[in-house]
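*Asks:* This one is data07.csv, CSV, C-alpha atoms and all ligand atoms.
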chain,number,residue,atom,x,y,z
A,22,MET,CA,9.5,310.6,61.5
A,23,THR,CA,11.5,307.8,60.0
A,24,ASP,CA,15.2,308.2,59.0
A,25,GLN,CA,15.0,305.3,56.4
A,26,GLN,CA,16.0,306.3,52.9
A,27,PRO,CA,13.0,306.3,50.5
A,28,VAL,CA,12.6,303.4,48.1
A,29,THR,CA,12.0,304.5,44.5
A,30,VAL,CA,9.3,302.6,42.8
A,31,THR,CA,8.7,303.2,39.1
A,32,VAL,CA,5.4,302.2,37.5
A,33,THR,CA,4.8,302.3,33.8
A,34,GLY,CA,1.3,302.4,32.3
A,35,ALA,CA,0.4,304.4,35.4
A,36,ALA,CA,-2.8,305.8,33.8
A,37,GLY,CA,-4.1,302.4,32.8
A,38,GLN,CA,-6.6,300.2,34.7
A,39,ILE,CA,-4.0,298.1,36.5
A,40,GLY,CA,-2.1,301.3,37.4
A,41,TYR,CA,-5.2,302.7,39.0
A,42,ALA,CA,-5.6,299.6,41.2
A,43,LEU,CA,-1.9,299.2,41.9
A,44,LEU,CA,-0.6,302.7,42.8
A,45,PHE,CA,-2.8,303.1,45.9
A,46,ARG,CA,-1.8,299.7,47.3
A,47,ILE,CA,1.9,300.5,46.8
A,48,ALA,CA,1.5,304.0,48.3
A,49,SER,CA,-0.3,302.5,51.3
A,50,GLY,CA,2.6,300.3,52.2
A,51,ALA,CA,1.0,297.0,51.1
A,52,MET,CA,4.0,296.1,48.9
A,53,LEU,CA,7.1,297.1,50.9
A,54,GLY,CA,5.7,297.7,54.4
A,55,GLU,CA,4.0,300.6,56.1
A,56,ASP,CA,7.3,301.8,57.6
A,57,VAL,CA,9.1,302.1,54.3
A,58,PRO,CA,9.0,305.6,52.7
A,59,ILE,CA,8.2,305.4,49.0
A,60,ARG,CA,9.0,307.8,46.1
A,61,LEU,CA,6.7,307.0,43.2
A,62,ARG,CA,7.8,307.6,39.6
A,63,LEU,CA,5.0,307.2,37.0
A,64,LEU,CA,5.8,306.7,33.3
A,65,GLU,CA,3.2,307.2,30.7
A,66,VAL,CA,2.9,308.0,27.0
A,67,PRO,CA,2.6,311.8,26.4
A,68,ALA,CA,-1.2,311.5,25.7
A,69,ALA,CA,-1.8,309.9,29.1
A,70,VAL,CA,0.5,312.0,31.2
A,71,ARG,CA,-2.3,314.3,32.3
A,72,ALA,CA,-4.5,311.4,33.4
A,73,ALA,CA,-1.5,310.0,35.4
A,74,GLU,CA,-1.2,313.5,37.0
A,75,GLY,CA,-4.8,313.2,38.0
A,76,THR,CA,-4.0,309.9,39.7
A,77,ALA,CA,-1.1,311.6,41.4
A,78,LEU,CA,-3.5,314.2,42.8
A,79,GLU,CA,-5.7,311.4,44.2
A,80,LEU,CA,-2.7,309.7,45.7
A,81,ALA,CA,-1.9,312.9,47.5
A,82,ASP,CA,-5.5,313.1,48.8
A,83,CYS,CA,-5.1,309.7,50.5
A,84,ALA,CA,-2.5,311.1,52.8
A,85,PHE,CA,-0.7,307.7,52.9
A,86,GLY,CA,2.0,307.6,55.5
A,87,PRO,CA,4.7,305.9,53.4
A,88,LEU,CA,4.3,308.2,50.3
A,89,VAL,CA,7.1,310.8,50.1
A,90,SER,CA,6.6,312.0,46.5
A,91,VAL,CA,5.0,311.3,43.1
A,92,ASP,CA,6.5,312.3,39.8
A,93,VAL,CA,5.0,311.9,36.4
A,94,THR,CA,6.9,311.8,33.2
A,95,ASP,CA,6.9,310.5,29.6
A,96,ARG,CA,10.7,310.1,29.7
A,97,PRO,CA,12.1,306.6,30.5
A,98,ALA,CA,15.5,308.0,31.6
A,99,GLU,CA,13.8,310.2,34.2
A,100,ALA,CA,11.3,307.6,35.3
A,101,PHE,CA,13.9,304.9,36.0
A,102,ASP,CA,16.5,307.2,37.5
A,103,GLY,CA,17.5,305.5,40.8
A,104,ALA,CA,14.6,303.0,40.6
A,105,ASP,CA,14.8,300.3,43.2
A,106,VAL,CA,11.7,298.5,42.0
A,107,ALA,CA,10.3,298.8,38.5
A,108,LEU,CA,6.9,297.6,37.6
A,109,LEU,CA,6.5,297.5,33.8
A,110,VAL,CA,2.8,297.5,33.3
A,111,GLY,CA,2.3,299.6,30.2
A,112,SER,CA,2.3,297.7,27.0
A,113,ARG,CA,0.8,297.7,23.5
A,114,PRO,CA,-2.5,295.6,23.6
A,115,ARG,CA,-3.4,293.4,20.6
A,116,THR,CA,-5.9,295.1,18.4
A,117,ALA,CA,-8.1,293.7,15.6
A,118,GLY,CA,-6.2,292.5,12.7
A,119,MET,CA,-2.8,292.5,14.5
A,120,GLU,CA,-0.6,289.5,14.0
A,121,ARG,CA,1.3,288.0,16.9
A,122,SER,CA,4.6,289.2,15.2
A,123,ASP,CA,3.2,292.7,15.1
A,124,LEU,CA,2.4,292.5,18.8
A,125,LEU,CA,5.8,291.3,19.6
A,126,GLU,CA,7.4,294.0,17.5
A,127,ALA,CA,5.3,296.8,19.0
A,128,ASN,CA,6.2,295.6,22.5
A,129,ALA,CA,9.8,295.3,21.7
A,130,GLY,CA,9.7,299.0,20.8
A,131,ILE,CA,8.5,299.6,24.4
A,132,PHE,CA,10.5,297.1,26.4
A,133,GLY,CA,13.8,297.4,24.6
A,134,PRO,CA,14.1,301.2,25.3
A,135,GLN,CA,12.8,300.7,28.9
A,136,GLY,CA,15.4,297.9,29.5
A,137,ARG,CA,18.1,300.3,28.3
A,138,ALA,CA,16.9,303.0,30.5
A,139,ILE,CA,16.9,300.7,33.5
A,140,ASN,CA,20.4,299.6,32.5
A,141,ASP,CA,21.6,303.1,32.4
A,142,HIS,CA,19.7,304.9,35.2
A,143,ALA,CA,18.2,302.5,37.8
A,144,ALA,CA,19.7,301.7,41.2
A,145,SER,CA,22.3,298.9,41.1
A,146,GLY,CA,20.0,296.5,43.0
A,147,VAL,CA,16.9,297.2,40.9
A,148,ARG,CA,14.2,294.6,40.8
A,149,VAL,CA,12.0,294.5,37.7
A,150,LEU,CA,8.6,292.9,37.4
A,151,VAL,CA,7.1,292.8,33.9
A,152,VAL,CA,3.3,292.7,33.9
A,153,GLY,CA,2.5,293.9,30.4
A,154,ASN,CA,1.7,291.1,27.9
A,155,PRO,CA,3.2,289.1,26.5
A,156,ALA,CA,4.9,289.3,29.9
A,157,ASN,CA,7.5,286.6,29.7
A,158,THR,CA,8.9,287.6,26.3
A,159,ASN,CA,8.7,291.3,27.2
A,160,ALA,CA,10.8,290.5,30.2
A,161,LEU,CA,13.3,288.7,28.0
A,162,ILE,CA,13.5,291.7,25.7
A,163,ALA,CA,14.0,294.2,28.6
A,164,ALA,CA,16.6,291.9,30.2
A,165,THR,CA,18.5,291.6,26.9
A,166,SER,CA,18.5,295.3,26.6
A,167,ALA,CA,20.0,295.7,30.1
A,168,PRO,CA,23.3,293.8,29.8
A,169,ASP,CA,24.8,295.3,33.0
A,170,VAL,CA,21.8,294.2,35.2
A,171,PRO,CA,21.9,290.6,36.3
A,172,ARG,CA,19.3,288.5,34.6
A,173,GLU,CA,17.8,287.4,37.8
A,174,ARG,CA,16.5,290.9,38.4
A,175,PHE,CA,14.1,290.7,35.5
A,176,THR,CA,11.0,288.7,36.3
A,177,ALA,CA,7.6,288.2,34.6
A,178,MET,CA,4.3,288.0,36.4
A,179,THR,CA,2.6,284.6,36.7
A,180,ARG,CA,1.6,285.3,40.3
A,181,LEU,CA,-2.0,286.0,39.1
A,182,ASP,CA,-2.1,282.6,37.6
A,183,HIS,CA,-0.7,281.1,40.8
A,184,ASN,CA,-3.3,283.0,42.9
A,185,ARG,CA,-6.1,281.9,40.6
A,186,ALA,CA,-5.0,278.2,40.9
A,187,VAL,CA,-4.9,278.5,44.7
A,188,ALA,CA,-8.3,280.1,44.8
A,189,GLN,CA,-9.8,277.4,42.6
A,190,LEU,CA,-8.4,274.6,44.8
A,191,ALA,CA,-9.6,276.3,48.0
A,192,ALA,CA,-13.1,276.7,46.6
A,193,ARG,CA,-13.2,273.1,45.5
A,194,LEU,CA,-11.9,271.8,48.8
A,195,GLY,CA,-13.9,274.2,51.0
A,196,CYS,CA,-10.7,275.5,52.7
A,197,ARG,CA,-9.1,278.9,52.9
A,198,ALA,CA,-6.6,280.0,50.3
A,199,SER,CA,-4.0,280.3,53.0
A,200,ASP,CA,-4.3,276.5,53.7
A,201,VAL,CA,-3.1,275.7,50.2
A,202,ASP,CA,0.7,275.4,49.5
A,203,GLY,CA,2.9,273.9,46.8
A,204,VAL,CA,1.0,275.0,43.7
A,205,SER,CA,3.2,275.6,40.7
A,206,ILE,CA,2.7,277.5,37.5
A,207,TRP,CA,5.0,276.4,34.7
A,208,GLY,CA,5.8,278.0,31.4
A,209,ASN,CA,4.2,281.0,29.7
A,210,HIS,CA,1.6,283.5,31.0
A,211,SER,CA,-0.8,282.4,28.3
A,212,ALA,CA,-3.4,279.7,27.8
A,213,THR,CA,-0.6,277.1,27.4
A,214,GLN,CA,0.6,277.6,31.0
A,215,TYR,CA,0.5,274.5,33.2
A,216,PRO,CA,-1.0,274.9,36.7
A,217,ASP,CA,0.4,271.9,38.6
A,218,VAL,CA,-0.9,270.5,41.8
A,219,THR,CA,1.3,267.4,41.9
A,220,HIS,CA,3.1,268.7,45.0
A,221,ALA,CA,0.4,270.8,46.4
A,222,THR,CA,-1.1,270.4,49.9
A,223,ALA,CA,-4.2,271.7,51.5
A,224,GLY,CA,-4.3,271.8,55.3
A,225,GLY,CA,-1.2,269.5,55.1
A,226,GLN,CA,-2.9,266.8,52.9
A,227,PRO,CA,-1.6,266.0,49.4
A,228,VAL,CA,-4.0,267.7,46.9
A,229,PRO,CA,-3.8,264.8,44.4
A,230,THR,CA,-5.5,262.6,47.1
A,231,LEU,CA,-8.3,265.1,47.6
A,232,VAL,CA,-9.4,265.9,44.0
A,233,GLU,CA,-10.2,263.7,41.1
A,234,GLN,CA,-7.8,263.6,38.1
A,235,ASP,CA,-10.8,264.2,35.8
A,236,TRP,CA,-11.7,267.5,37.6
A,237,LEU,CA,-8.0,268.5,37.3
A,238,GLU,CA,-7.9,267.8,33.6
A,239,SER,CA,-11.3,269.0,32.4
A,240,GLU,CA,-12.0,271.9,34.8
A,241,PHE,CA,-9.1,273.1,36.9
A,242,ILE,CA,-6.3,273.3,34.4
A,243,PRO,CA,-8.4,275.0,31.6
A,244,ARG,CA,-10.2,277.3,34.0
A,245,VAL,CA,-7.0,278.6,35.4
A,246,ALA,CA,-5.2,278.8,32.1
A,247,ARG,CA,-8.2,280.7,30.5
A,248,ARG,CA,-9.2,282.8,33.4
A,249,GLY,CA,-8.0,286.0,31.8
A,250,ALA,CA,-10.4,285.4,28.9
A,251,GLU,CA,-13.2,284.5,31.4
A,252,ILE,CA,-12.7,287.8,33.2
A,253,ILE,CA,-12.8,289.7,29.9
A,254,ASP,CA,-16.0,287.9,28.9
A,255,VAL,CA,-17.8,288.5,32.2
A,256,ARG,CA,-16.4,291.9,33.3
A,257,GLY,CA,-16.1,293.4,29.9
A,258,ALA,CA,-12.5,294.4,30.5
A,259,SER,CA,-9.4,292.5,31.4
A,260,SER,CA,-8.4,291.8,35.0
A,261,ALA,CA,-7.1,294.8,36.8
A,262,ALA,CA,-7.5,294.7,40.6
A,263,SER,CA,-6.5,291.1,40.8
A,264,ALA,CA,-3.5,291.7,38.5
A,265,ALA,CA,-2.5,294.6,40.7
A,266,SER,CA,-2.9,292.5,43.8
A,267,ALA,CA,-0.7,289.8,42.3
A,268,ALA,CA,2.0,292.3,41.4
A,269,VAL,CA,2.0,293.5,45.1
A,270,ASP,CA,2.3,289.8,46.2
A,271,HIS,CA,5.1,289.2,43.8
A,272,VAL,CA,7.3,292.1,44.9
A,273,ARG,CA,6.5,291.7,48.6
A,274,ASP,CA,7.5,288.1,48.5
A,275,TRP,CA,10.6,288.9,46.4
A,276,VAL,CA,11.7,291.5,49.0
A,277,HIS,CA,10.5,289.9,52.2
A,278,GLY,CA,10.8,286.2,51.4
A,279,THR,CA,8.5,283.1,51.4
A,280,PRO,CA,9.5,281.4,54.6
A,281,GLY,CA,8.3,277.7,54.6
A,282,ARG,CA,6.3,277.9,51.4
A,283,TRP,CA,6.6,278.5,47.7
A,284,THR,CA,5.0,280.6,45.0
A,285,SER,CA,5.3,281.0,41.2
A,286,ALA,CA,7.2,283.6,39.1
A,287,GLY,CA,8.5,284.0,35.6
A,288,VAL,CA,12.3,284.0,36.0
A,289,ALA,CA,15.3,283.5,33.7
A,290,SER,CA,15.8,279.7,33.4
A,291,ASP,CA,19.1,278.3,34.5
A,292,GLY,CA,18.3,275.1,32.6
A,293,SER,CA,16.3,273.6,35.5
A,294,TYR,CA,13.7,271.0,34.5
A,295,GLY,CA,14.9,271.0,30.9
A,296,VAL,CA,13.7,274.6,30.3
A,297,PRO,CA,16.3,276.2,27.9
A,298,GLU,CA,18.6,278.5,29.7
A,299,GLY,CA,17.7,282.2,29.5
A,300,LEU,CA,14.0,281.8,28.6
A,301,VAL,CA,11.9,283.7,31.1
A,302,SER,CA,9.6,280.9,32.2
A,303,SER,CA,7.3,280.4,35.1
A,304,PHE,CA,8.6,278.0,37.8
A,305,PRO,CA,7.8,277.2,41.4
A,306,VAL,CA,10.1,279.5,43.3
A,307,ARG,CA,11.1,280.3,46.9
A,308,SER,CA,12.4,283.7,47.9
A,309,GLU,CA,15.1,284.1,50.5
A,310,ASP,CA,17.5,286.9,51.3
A,311,GLY,CA,15.9,289.0,48.6
A,312,ARG,CA,16.4,286.5,45.8
A,313,PHE,CA,14.1,284.1,44.0
A,314,SER,CA,15.4,280.5,43.5
A,315,ILE,CA,13.7,277.8,41.5
A,316,VAL,CA,12.4,275.0,43.7
A,317,GLN,CA,14.7,272.0,42.9
A,318,GLY,CA,14.3,268.2,42.9
A,319,LEU,CA,10.6,268.0,42.1
A,320,ASP,CA,9.4,264.8,40.5
A,321,ILE,CA,7.8,265.6,37.1
A,322,PRO,CA,5.4,262.8,36.0
A,323,ALA,CA,4.8,262.3,32.2
A,324,PHE,CA,1.4,264.2,32.4
A,325,SER,CA,3.2,267.3,33.7
A,326,ARG,CA,6.2,266.9,31.4
A,327,ALA,CA,4.1,267.1,28.3
A,328,ARG,CA,2.3,270.2,29.5
A,329,ILE,CA,5.5,272.0,30.6
A,330,ASP,CA,7.1,271.1,27.3
A,331,ALA,CA,4.2,272.5,25.3
A,332,SER,CA,4.2,275.9,27.1
A,333,VAL,CA,8.0,276.1,26.9
A,334,ALA,CA,7.8,275.4,23.2
A,335,GLU,CA,5.5,278.5,22.9
A,336,LEU,CA,8.1,280.6,24.8
A,337,GLU,CA,10.8,279.4,22.4
A,338,ALA,CA,8.6,280.3,19.4
A,339,GLU,CA,8.1,283.8,20.9
A,340,ARG,CA,11.8,284.2,21.5
A,341,ASP,CA,12.6,283.1,18.0
A,342,ALA,CA,10.1,285.4,16.5
A,343,VAL,CA,11.5,288.4,18.4
A,344,ARG,CA,15.0,287.3,17.4
A,345,GLY,CA,13.9,286.9,13.8
A,346,LEU,CA,12.8,290.5,13.9
A,347,GLY,CA,16.3,291.5,15.0
A,348,LEU,CA,15.1,292.6,18.4
A,349,LEU,CA,17.2,290.5,20.7
A,350,GLY,CA,20.5,292.1,19.9
B,1,LIG,N1,0.9,289.2,33.6
B,1,LIG,C1,-0.4,289.2,34.0
B,1,LIG,O1,-0.8,288.4,34.8
B,1,LIG,C2,-1.4,290.2,33.5
B,1,LIG,C3,-1.0,291.1,32.5
B,1,LIG,N2,-1.9,292.0,32.0
B,1,LIG,C4,-1.4,293.0,31.0
B,1,LIG,O2,-1.0,294.2,31.7
B,1,LIG,C5,-1.0,295.3,30.7
B,1,LIG,C6,-1.7,296.5,31.2
B,1,LIG,O3,-3.1,296.2,31.4
B,1,LIG,P1,-4.1,297.4,31.7
B,1,LIG,O4,-3.6,298.3,32.8
B,1,LIG,O5,-5.4,296.8,31.8
B,1,LIG,O6,-4.1,298.2,30.3
B,1,LIG,P2,-4.5,299.7,30.0
B,1,LIG,O7,-4.7,299.7,28.5
B,1,LIG,O8,-5.7,300.1,30.8
B,1,LIG,O9,-3.3,300.5,30.4
B,1,LIG,C7,-2.0,300.5,29.8
B,1,LIG,C8,-1.4,301.8,30.0
B,1,LIG,O10,0.0,301.7,29.5
B,1,LIG,C9,0.3,302.9,28.9
B,1,LIG,N3,1.4,302.7,28.0
B,1,LIG,C10,1.5,302.2,26.7
B,1,LIG,N4,2.7,302.3,26.2
B,1,LIG,C11,3.5,302.8,27.2
B,1,LIG,C12,4.9,303.1,27.3
B,1,LIG,N5,5.7,302.9,26.3
B,1,LIG,N6,5.3,303.7,28.4
B,1,LIG,C13,4.5,303.9,29.5
B,1,LIG,N7,3.2,303.6,29.5
B,1,LIG,C14,2.7,303.1,28.3
B,1,LIG,C15,-1.0,303.3,28.2
B,1,LIG,O11,-1.0,304.7,27.8
B,1,LIG,C16,-2.0,302.9,29.2
B,1,LIG,O12,-2.3,304.0,30.1
B,1,LIG,C17,-1.6,294.6,29.4
B,1,LIG,O13,-0.6,294.2,28.6
B,1,LIG,C18,-2.4,293.4,30.0
B,1,LIG,O14,-2.5,292.4,29.0
B,1,LIG,C19,-3.2,292.1,32.5
B,1,LIG,C20,-3.6,291.3,33.5
B,1,LIG,C21,-2.7,290.2,34.0
B,2,LIG,O1,-5.8,287.9,29.4
B,2,LIG,C1,-5.6,289.1,29.4
B,2,LIG,O2,-5.6,289.9,28.5
B,2,LIG,C2,-5.1,289.7,30.7
B,2,LIG,C3,-4.3,288.7,31.5
B,2,LIG,O3,-3.1,288.5,31.1
B,2,LIG,C4,-4.9,287.9,32.5
B,2,LIG,O4,-6.0,288.3,33.0
B,2,LIG,O5,-4.3,286.9,32.9
Do you think you could lay out the structure here as structure tokens?

*Replies:*
Amino acid sequence: MTDQQPVTVTVTGAAGQIGYALLFRIASGAMLGEDVPIRLRLLEVPAAVRAAEGTALELADCAFGPLVSVDVTDRPAEAFDGADVALLVGSRPRTAGMERSDLLEANAGIFGPQGRAINDHAASGVRVLVVGNPANTNALIAATSAPDVPRERFTAMTRLDHNRAVAQLAARLGCRASDVDGVSIWGNHSATQYPDVTHATAGGQPVPTLVEQDWLESEFIPRVARRGAEIIDVRGASSAASAASAAVDHVRDWVHGTPGRWTSAGVASDGSYGVPEGLVSSFPVRSEDGRFSIVQGLDIPAFSRARIDASVAELEAERDAVRGLGLLG
């Protein structure tokens, strides 16, 4: 028996494909540790509550040591009540004929109310990871709707992009993913993102001395930035298990730290590297004492500057579109 208080983890979109890959990892202890009791709260739309209840039955059947309870609801206030960690996965996918502004508006209708529910009901130290696309702007909407929660507690997932970049480098160099450090994802979780190896090392060697610039420009950067589309093309559905794994990595590192290395996450900009304050942009980050901080003092060559600026311009356009719809307060 453990006398530790259970940690409440809320997952939205629990009946979706990422939810199905994510919940079992969380319940097994992969995210917070095998000795940390977990209370799961699953939020779904009414039509998918029964499917989420089916997943809850399967979670019970795994007899995971850390899992204390699973509750399923379609009410955000109930789902986020006392939440210590909130994984916002459920979102409105883009469908045929939908303009980008329609997509932003539909998602604001989800992430605005969920942000308010987090503001009003979550635990005071809540940590929020937005996975549902467009993740960065959805995180901005949720954070804006939760004025009492510090901005730093709202993050967007670019860890999948980071992991993809690390994996591509490891494959190219014939080393293990764990030998690679110092990769940075900048900007938006979209095709404009900039996977940056300027400061990366592999087995302690600077990556720029190990790979050709031409490979970086013509293969590595577009491959990482368009990997989501490649998965959809080859798999016939968007990435799910890898996205779930990245979400587990993101929260685990946020809670337990990144001693001696760095990773990437979408965090509220403090103006670092010329990214307008408040935008939720991906940066290289370290995690210490339960907080992410942007890695400071990196040299940004002109090649990188142009790519960071292009992705940040897209984030500004998304923010302005949402603001134009009257959705940012
Ligand atoms: N940031 C990243 O790196 C990645 C983000 N994604 C995004 O994650 C999201 C989820 O992906 P999948 O699980 O594959 O989608 P899915 O369509 O299989 O599941 C989404 C689930 O969300 C639920 N949902 C919709 N509105 C909701 C609401 N208001 N409250 C609670 N639940 C709600 C739906 O009923 C559905 O069960 C998508 O937006 C996808 O684009 C996917 C891969 C990577
Ligand atoms: O591209 C998509 O729709 C899913 C996604 O965000 C990714 O795999 O990075």

*Asks:* Nearest to ligand LIG 2 (chain B): which of A:Val316, A:Val228, A:Leu150, A:Val110 is it, counting all atoms listed in the file?

*Replies:*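 Once distances to ligand LIG 2 (chain B) are computed over all atoms listed in the file, the minimum belongs to A:Val110.
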
*Asks:* Find, counting all atoms listed in the file, the residue in A:Leu319, A:Ile329, A:Leu190, A:Ala264 that gets nearest to ligand LIG 2 (chain B).

*Replies:*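 Result for the nearest residue to ligand LIG 2 (chain B): A:Ala264.
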
*Asks:* Restricting the calculation to all atoms listed in the file: of A:Gly281, A:Gly75, A:Gly34, A:Pro67, which residue gets closest to ligand LIG 1 (chain B)?

*Replies:*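 Among the listed residues, the smallest separation from ligand LIG 1 (chain B) belongs to A:Gly34.
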
*Asks:* Would you name the residues within 6 Å of ligand LIG 1 (chain B), counting only C-alpha atoms and all ligand atoms, and put them as a VMD selection string?

*Replies:* chain A and resid 33 to 40 64 to 66 69 110 to 114 131 152 to 154 156 178 to 179 181 259 to 261 264

*Asks:* If you measure from CA of Arg172 (chain A) to CA of Arg185 (chain A), what distance in Å do you get, rounded to one decimal?

*Replies:*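 Between CA of Arg172 (chain A) and CA of Arg185 (chain A) the gap works out to 26.9 Å.
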
*Asks:* Could you pull the residues within 10 Å of Pro305 (chain A), counting all atoms listed in the file, minus those fewer than 2 positions along the same chain, as a PyMOL selection string?

*Replies:* chain A and resi 183+203-207+217+283-288+303+307+313-317+319

*Asks:* Name the residues within 10 Å of (10.3, 288.3, 27.7), counting only C-alpha atoms in the file's coordinates, and put them as number ranges by chain.

*Replies:* A: 125, 128-129, 132, 151, 153-165, 175-177, 209, 287-289, 299-302, 336, 339-340, 343

*Asks:* Only C-alpha atoms, please: the residues just picked out, written as a compact mmCIF listing (two decimals), in the frame of the given file.

*Replies:*
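Okay, part-v4.txt is ready:
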# COMPACT_ATOMS: atom_id res chain seq x y z
CA LEU A 125 5.80 291.30 19.60
CA ASN A 128 6.20 295.60 22.50
CA ALA A 129 9.80 295.30 21.70
CA PHE A 132 10.50 297.10 26.40
CA VAL A 151 7.10 292.80 33.90
CA GLY A 153 2.50 293.90 30.40
CA ASN A 154 1.70 291.10 27.90
CA PRO A 155 3.20 289.10 26.50
CA ALA A 156 4.90 289.30 29.90
CA ASN A 157 7.50 286.60 29.70
CA THR A 158 8.90 287.60 26.30
CA ASN A 159 8.70 291.30 27.20
CA ALA A 160 10.80 290.50 30.20
CA LEU A 161 13.30 288.70 28.00
CA ILE A 162 13.50 291.70 25.70
CA ALA A 163 14.00 294.20 28.60
CA ALA A 164 16.60 291.90 30.20
CA THR A 165 18.50 291.60 26.90
CA PHE A 175 14.10 290.70 35.50
CA THR A 176 11.00 288.70 36.30
CA ALA A 177 7.60 288.20 34.60
CA ASN A 209 4.20 281.00 29.70
CA GLY A 287 8.50 284.00 35.60
CA VAL A 288 12.30 284.00 36.00
CA ALA A 289 15.30 283.50 33.70
CA GLY A 299 17.70 282.20 29.50
CA LEU A 300 14.00 281.80 28.60
CA VAL A 301 11.90 283.70 31.10
CA SER A 302 9.60 280.90 32.20
CA LEU A 336 8.10 280.60 24.80
CA GLU A 339 8.10 283.80 20.90
CA ARG A 340 11.80 284.20 21.50
CA VAL A 343 11.50 288.40 18.40

*Asks:* Record the distance separating CA of Leu63 (chain A) and CA of Arg344 (chain A), expressed in Å with one decimal.

*Replies:*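 For CA of Leu63 (chain A) relative to CA of Arg344 (chain A), the distance reads 29.7 Å.
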
*Asks:* Which one of A:Ala265, A:Ala48, A:Ala144, A:Ile242 sits closest to Ala84 (chain A) if you count all atoms listed in the file?

*Replies:*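 Of all the options, A:Ala48 lies closest to Ala84 (chain A).
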
*Asks:* Distance cut-off 12 Å, centre (17.6, 306.4, 49.4) in file coordinates, counting only C-alpha atoms: which residues qualify? Return them as a PDB file with C-alpha atoms, keeping the file's coordinate frame.

*Replies:*
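This went into selection-v2.pdb:
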ATOM      1  CA  ASP A  24      15.200 308.200  59.000  1.00  0.00           C
ATOM      2  CA  GLN A  25      15.000 305.300  56.400  1.00  0.00           C
ATOM      3  CA  GLN A  26      16.000 306.300  52.900  1.00  0.00           C
ATOM      4  CA  PRO A  27      13.000 306.300  50.500  1.00  0.00           C
ATOM      5  CA  VAL A  28      12.600 303.400  48.100  1.00  0.00           C
ATOM      6  CA  THR A  29      12.000 304.500  44.500  1.00  0.00           C
ATOM      7  CA  VAL A  30       9.300 302.600  42.800  1.00  0.00           C
ATOM      8  CA  VAL A  57       9.100 302.100  54.300  1.00  0.00           C
ATOM      9  CA  PRO A  58       9.000 305.600  52.700  1.00  0.00           C
ATOM     10  CA  ILE A  59       8.200 305.400  49.000  1.00  0.00           C
ATOM     11  CA  ARG A  60       9.000 307.800  46.100  1.00  0.00           C
ATOM     12  CA  VAL A  89       7.100 310.800  50.100  1.00  0.00           C
ATOM     13  CA  ASP A 102      16.500 307.200  37.500  1.00  0.00           C
ATOM     14  CA  GLY A 103      17.500 305.500  40.800  1.00  0.00           C
ATOM     15  CA  ALA A 104      14.600 303.000  40.600  1.00  0.00           C
ATOM     16  CA  ASP A 105      14.800 300.300  43.200  1.00  0.00           C
ATOM     17  CA  ALA A 144      19.700 301.700  41.200  1.00  0.00           C
TER      18      ALA A 144
END

*Asks:* In Å, rounded to a single decimal, give me how far CA of Ala143 (chain A) is from CA of Asp310 (chain A).

*Replies:*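 Distance between the two atoms: 20.6 Å.
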
*Asks:* Which of these, A:Arg256, A:Arg121, A:Ser166, A:Ala268, has the shortest distance to Leu109 (chain A) once you count all atoms listed in the file?

*Replies:*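 Closest candidate: A:Ala268.
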
*Asks:* With only C-alpha atoms as the atoms that count, which of A:Asp56, A:Gly130, A:Gly208, A:Val70 lies nearest to Gly347 (chain A)?

*Replies:* A:Gly130

*Asks:* Neighbours of Ser266 (chain A) within 10 Å (all atoms listed in the file; same-chain residues fewer than 5 positions away dropped), as number ranges by chain?

*Replies:* A: 39, 42-43, 46-47, 51-52, 180-181, 184, 261, 271

*Asks:* Report as a compact mmCIF listing (two decimals) with C-alpha atoms, keeping the file's coordinate frame all protein, DNA and RNA residues lying within 12 Å of Pro322 (chain A), evaluated on all atoms listed in the file, omitting residues in the same chain fewer than 5 positions from it.

*Replies:*
# COMPACT_ATOMS: atom_id res chain seq x y z
CA ASP A 217 0.40 271.90 38.60
CA VAL A 218 -0.90 270.50 41.80
CA THR A 219 1.30 267.40 41.90
CA HIS A 220 3.10 268.70 45.00
CA TYR A 294 13.70 271.00 34.50
CA ALA A 327 4.10 267.10 28.30
CA ARG A 328 2.30 270.20 29.50
CA ILE A 329 5.50 272.00 30.60

*Asks:* Could you give me, as a count of residues only, the residues within 8 Å of Ala212 (chain A), counting all atoms listed in the file and dropping anything in the same chain fewer than 6 positions from it?

*Replies:* 3

*Asks:* Residues within 6 Å of Ser308 (chain A), please, as a list in words. Count only C-alpha atoms; anything in the same chain fewer than 5 positions from it doesn't count.

*Replies:* Trp275, Gly278, Thr279 and Phe313 of chain A

*Asks:* Next, the residues of the selection above should be written as a CSV table (one decimal), keeping the file's coordinate frame with C-alpha atoms.

*Replies:*
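The resulting file, part.csv, is reproduced below:
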chain,number,residue,atom,x,y,z
A,275,TRP,CA,10.6,288.9,46.4
A,278,GLY,CA,10.8,286.2,51.4
A,279,THR,CA,8.5,283.1,51.4
A,313,PHE,CA,14.1,284.1,44.0
